[in-house]
Structures are given as C-alpha cells and as structure tokens.
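Beneath this line is the structure, given in structure tokens, with notes to follow.
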Amino acid sequence: MPIASRDFRELRLEGVGRDFGQLHALRDVNLTVKRGEFVALLGPSGCGKSTALNCISGLLQPTDGAIWLDDTRLDDIGPEDRGFGMVFQNYALFPHMTVRRNIGFGLTTHRRPRDEIERRVYEALALVRLETQAEKLPGQLSGGQQQRVAIARAIVVEPPLVLMDEPLSNLDAKLRLEMRAEIRRIHTMLGCSTIYVTHDQEEALSLADRIMVMIDGQPRQIGTPEDLYVRPSSAAVAEFMGYRNLLRSPARTVPGGSGVTVMIGGAHVLGTAMEPVDGDATVAIRPDDLHPTVDGPIAATVEIAEYHGRDFYAVARGRDGEDLYFRSSQRVGPGETVHLSVLPERVLVFPA
Amino acid sequence: MSVAHLSLRRRMRERGLDAVTLLVLPGVLFVLALFIYPFIYGLVLSFEPKDGGWWLANYQKFFSEPFLYETIWLTLQIAIPATLLNTVLSVPVALRVRLMKRQKLLTTILVIPITLGTVMVADGLLTYLGPRGWLNRVLVDFGITDSPVRLIHNYWGVMLSLVISGFPFTFLLTLSYVTGIDPALEQAGAMLGAKARQRFFRILLPLLAPGLAITLALAFVQAFTVFPSAILLGAPAGPTRVISIVAYQAAFEQFDYPLASAIAMLMALIQVVIIAALLGARTLVFRGPVSTGKG
C-alpha cells in the first residue's frame, strides 16, 4: 500500500539537490506544497525542474537534502511505495493494454477488489470524458485523448500528490489550450495537490496557485502568479516572465521613496528600485507597459511592426541605439518616430 | 476520376509498382538461383531413391531405422534446451546491460565468439575443458573433485559450445528489443505501485514477447543445425549423433545423395513446424509499437 493518504498536510523539500557527476543539476530547493495546492515549477529547459520533479517522484535520488511528507521522510521510499500520481511528457501509456486496463493498472497493483476497480475506472473515464474509448489501445487514440488517459491513470488511485512533467508540450496549440482548461477543471473538482513542470510561463500563470521559477538548477523566486508577473525579484526572473526590455543603465536615487531615475533610449525616466540601487542597474520593462503617446519622453524610430489583431507589437530604436520592444493600439510603421512613455511603477530597476 | 480511367503506368504506381521496383530483380534472381533452385533440386532428388523402389523409399528407410530416426530426438534434446537457455539468459542480462554506460565494450566482447566461428571455439574448449586443461587441473589441484570432470566428447561439450556461440547472438537480438521499449513505461509502472517483478511480467515481458519469439526461432535454427561442435566436442557416434551428422554420413560416406536430401528435407520440415508454431504464438500477443508518445 502507498504510504501516503490523501489527508496529508504538506510536502516539504528541504535543501534538496542533485548532482550528476560534476554537474549540479539541482541545488538548494526549499519548497512547501500544501494539500490541495497547485504549484508550477517554471524555468527554461535544462534548469533542473524535471530533476526536481523526479526527486519528488522517487525516480531519482537526491544527493542533498531531504523530502518530507508531513513527518515521513520520503528519500528512502521507492517510487512504487510513495503512491504519487505522475503524468509523463510522452504520456507513457502501456501500448499493449486497452484504455480501461491502462487506467486500472494502479488499482490492480494495489490489489483493490474487482468491482471497486471497475467502478473507479468508469468514474475516471467519465471524468476525462473518454467513456466511449475504453476498449481501444493507446495507439488508436489522438494525442489529446492519450493525454487524458494518462491523467485518468494518474488520478484514479486518488494519490495525495499528482506530478505532471510538461504534460502539454507534445500537443498542438489549440489542443494545449483545451487540455489546460481540462487540467484546471479536474484539479478544481478533485482538489488533488499538483506539482506541474513547464517551461511555458503562460501555462504556469494560468494554472498554478504558486510558481517556483528555476534558473540554472536553482530556485530564484517562489510566489503567486501575480507576484511573479508584477514583481519579479531579479532581472533573470523578469526576463523569463516576459520582460522583453532588459536594459543596462546607470540609476540614481530620487530623494524620498524607492524612486530612481534611469536612462531608457537616451531619455531620463522615473523607475522603481526593486532593491536598493545606486549606480549600474538593469532595467526591466514589459512591451505591454511601453506605449507611444503624444508627449512620451522616449523618442525612438520604429524598425519592425507586427500586426497582432488587437494591437501592434513593434521594435523601435532609441537615440542611444538601444532596441525597445513595445505594444501600440494605433498603427505604427517602420521609419516612423514614436514617443514612448511608461509608468514609473512598471519600470523595474535591479542592481546590475 | 475513378482509378479505371488512369493510365496503366499510374495505376501501377498506385499499387507501389514503378521503375524502382526493378531494383528487387537482382535479389530475386539471387534467391532463385542459390536457394529456391537447390531446394527444389534436393526435394526432387529425395524422391528418387538410389536403389530404385517407390518414390517415398528414402523417407520410409529413415523412419524404419532407429539409427536414423532417433537422431531427430537426439537433436531436439540438444537444440531445445540450448535455445531456451540462451534466450532466457539473454533477457536479464540485456535488461541490466541496457542501463550500463560501457555497453559498446561489453557487446564487443560478446560478439567475439560469433566472429571466431564454431571450430575455433570448439578447439579452445577442447584444450580448456580437457582432462589436462586449466579447468580440470584447478578442480583437481584444489581438491574440489577427485578426478577430472568430463565436459568434452559428450552432451555437455556440445551444449557448452552452443551456449558460447549462441548466447551472444540471442543477447544482441534481445538487447535491441529491450532498448526499443521506452524506459518511461517502467517508470510509469513504478509510479502506479508496481514492484520490479510486476513491472517485468506485466509491462516488459508482454512488450518483449514478439521479439523473443523471433529470437527463439532464429536461435533454434542455429542450434538444430549444429554440426562442427557436435563432431569436435561431442560424441558423434553416441549421444550427440545429431541429424546433420547422419545427413553428412549419407552424402559423403555412403554417397547416397537421395537419402541425404531426404534427411535435409526432414530437417527443414521440423524447423518450419517449430518456427511456424513460435510465430503463430506471436500473433496471440500484442504486436504494435512499443511506445505510444507522439514525438
């Protein structure tokens, strides 16, 4: 029997690290996941997020630190005894078993009575809306259907924790949106704690209660989607959260408050210091926060403008030769001069 | 536009026949000249007894003389255990080797017996396992046995040689089937609570079964046609008088080519029956792709 019941309080990672030979794939991960929480591990490929997930699943042994489920230390417990559900990137459905037997697999290994298996498999099939596909083999299903079987197979055992390793990355764009809503729906219905690995910030923002951003094997920031979106803690996190404009600039404090002045595109602009900064700084601005206005302080020449339906996404060169990415609700064209403005609280200034 | 209205050339192409198809011609000729023709020649020859008589006289002779028909049983007694042993041994070894980093080195070492050929292996075994060979000297000098163990010129000599030359072959085949199975399937099994034993019997083995049937078939053919080691390492007059030896004797000692042909045809028949049974059993198990992910 799996060691964990659904009534756990929290999963704790304490200083978890994993080396592969000389390579530190993962370092200093401290994370607490409460029951029912949806946590996303977000980061570029190779940042260690899958390694972290595999340490939690038990498929990989951490070389440092400890993983606790309430008062039980998990490190010496094999994956088969942890009782966590896992959805793999390539689904990993058993190709020789029908959908029904795939979903029932976890129940048979736990030796549940036959009528209970039948009932719960049926419930899981209904939950992912695949009742009509029960007798098919995985190879006969579409990618989205396979994905749903994988999810049903992981949750049918009612695991305390569901781990998802980039589950949507093999799907096309439209299906990805559909499955995202599906995962959200299932999570709301069942309330199972979920740890979700992804490199897609939009996916993480829309699904997770909390996000841990990882870069180079280290967690850089843990917070709610709003926190990360509005207040990234470092330039590196800002870059990953869609702050396309990352500019080097000297910063000078304005007496009183956290205001600083920085140079953007050759113009002086007011910004917000995320940490005390005086001297060299990195300035982060989202394209969405930079608009052309009649009297904007930053004069720049448009180089490229893409029509995105609702608005234009454009690149303009400032007087100091720096490229600035911005959005505009009015039509802009190459060669045009625009006067960009940005609110001081949307100009994030980090020490360089 | 229906297919009937297309030109002949286009209709042929629809069925996958075009100029490129001609490239199979040399291969077809080769098979016809070196396999089909000799086979039919042998088949016809086997129905023309040397001393006259009715057309099945050679077969009648084979099945009326214990000296001849018992070789079928003798050969199976060597071939079946050797085939099973090699294949069954290959699976755990392949499962282990799959996870190793130095796979190349190990596979190279294992391929060497194949490249050396049976005669060389037999020669080596004769020296090594002989009464004055390394093995027996160690056994006797260390007092493990009182007298040399007899491992050559009998059943065990042939069996050992079949394992040494047959194992690398079954192992390499099995390894390729094993590595074709997505490791994520086993991980998924583990995450769903399956212990190593359950993962093997419920996930790996069913996916491996079609490949193992092929491995068994090929290993059986190799073992059933054993000849050099049965003579060199076995007791060709006694327990290892395999069917290929009596075929050889008929052809080159009694110069009775028709009888030799008849024996060869019987060998072929037995192999075909056993392979058909194995491949027939294969249709009972899953034969689709062993991974499901798209991309």
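Going by the structure tokens order, chains are called A, B, ..., each with residues numbered from 1, while ligands are numbered from 1 in the order shown.
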Could you produce a table of the residues of chain B lying within 6 Å of chain A, with the nearest pair of atoms per residue and their separation in Å rounded to one decimal, using only C-alpha atoms, ordered by chain and increasing residue number, as a tab-separated table?
```
residue	atom	partner	partner_atom	distance
B:Ala184	CA	A:Ala92	CA	5.7
B:Leu185	CA	A:Ala92	CA	5.1
B:Ala190	CA	A:Glu80	CA	4.6
B:Met191	CA	A:Glu80	CA	5.2
B:Leu192	CA	A:Gly106	CA	4.5
B:Gly193	CA	A:Glu80	CA	4.0
B:Ala194	CA	A:Thr109	CA	5.6
B:Phe286	CA	A:His96	CA	5.6
B:Thr292	CA	A:Gly139	CA	6.0
B:Gly293	CA	A:Asn90	CA	4.6
```
Residues near B:Leu68, anyone? I mean within 12 Å using only C-alpha atoms, not counting same-chain ones fewer than 6 positions away, as a PyMOL selection string. chain B and resi 58-62+74-75+237+241-247+249-250+259-260+262-263+266
For A:Val338, find every residue with an atom within 8 Å (counting only C-alpha atoms), except residues of its own chain fewer than 4 positions away, and show them as a ChimeraX atom specification. /A:292-293,298-302
Write to file, as a short mmCIF file (atom, residue, chain, number, x, y, z; two decimals), in the first residue's frame, the residues of the selection just made, with C-alpha atoms.
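The result, written out as out_14.cif:
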```cif
data_model
loop_
_atom_site.label_atom_id
_atom_site.label_comp_id
_atom_site.auth_asym_id
_atom_site.auth_seq_id
_atom_site.Cartn_x
_atom_site.Cartn_y
_atom_site.Cartn_z
CA PRO A 292 3.52 55.56 -27.77
CA THR A 293 1.84 58.75 -26.53
CA ILE A 298 11.43 58.38 -25.06
CA ALA A 299 11.79 59.26 -28.72
CA ALA A 300 12.50 56.26 -30.93
CA THR A 301 12.33 55.18 -34.57
CA VAL A 302 10.16 52.19 -35.40
#
```
Enumerate as a PyMOL selection string all residues of stretch 127-310 of chain A assigned to strand (DSSP E) by DSSP on the backbone, naming them with the chain letters and numbers the document uses. chain A and resi 161-165+193-198+210-215+218-223+245-253+259-264+267-273+279-285+291-292+298-307
Long-range neighbours of stretch 267-277 of chain B as a count of residues only, 6 Å cut-off, only C-alpha atoms, 3 positions minimum in chain: 3
Could you pull the residues within 10 Å of B:Thr174, counting only C-alpha atoms, minus those fewer than 4 positions along the same chain, as a compact mmCIF listing (two decimals) with C-alpha atoms, in the first residue's frame?
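Below is the file part_21.txt, written as the result:
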```txt
# COMPACT_ATOMS: atom_id res chain seq x y z
CA THR B 87 17.12 -16.83 -24.75
CA VAL B 88 16.11 -16.99 -21.10
CA SER B 90 19.64 -13.10 -22.56
CA VAL B 91 16.65 -11.31 -21.07
CA PRO B 92 18.00 -10.45 -17.60
CA VAL B 93 21.46 -9.71 -18.99
CA ALA B 94 20.00 -7.42 -21.65
CA LEU B 95 17.83 -5.67 -19.07
CA PRO B 168 25.98 -13.53 -27.98
CA PHE B 169 23.56 -13.85 -30.86
CA THR B 170 20.40 -14.12 -28.75
CA VAL B 178 14.78 -4.34 -24.88
CA THR B 179 16.26 -0.96 -25.73
CA GLY B 180 13.29 -0.37 -28.03
CA LEU B 208 9.18 -8.17 -25.36
CA GLY B 211 10.80 -10.13 -30.21
CA LEU B 212 11.53 -13.14 -28.04
CA ILE B 214 11.78 -14.24 -33.28
CA THR B 215 14.87 -14.71 -31.11
```
For B:Thr240, the closest of B:Val226, B:Val24, B:Ala281, B:Leu125 counting only C-alpha atoms is B:Val226
Considering only helix (DSSP H, G or I) as DSSP defines it on the backbone, what residues of stretch 62-302 of chain A qualify? List them as a count of residues only. 88
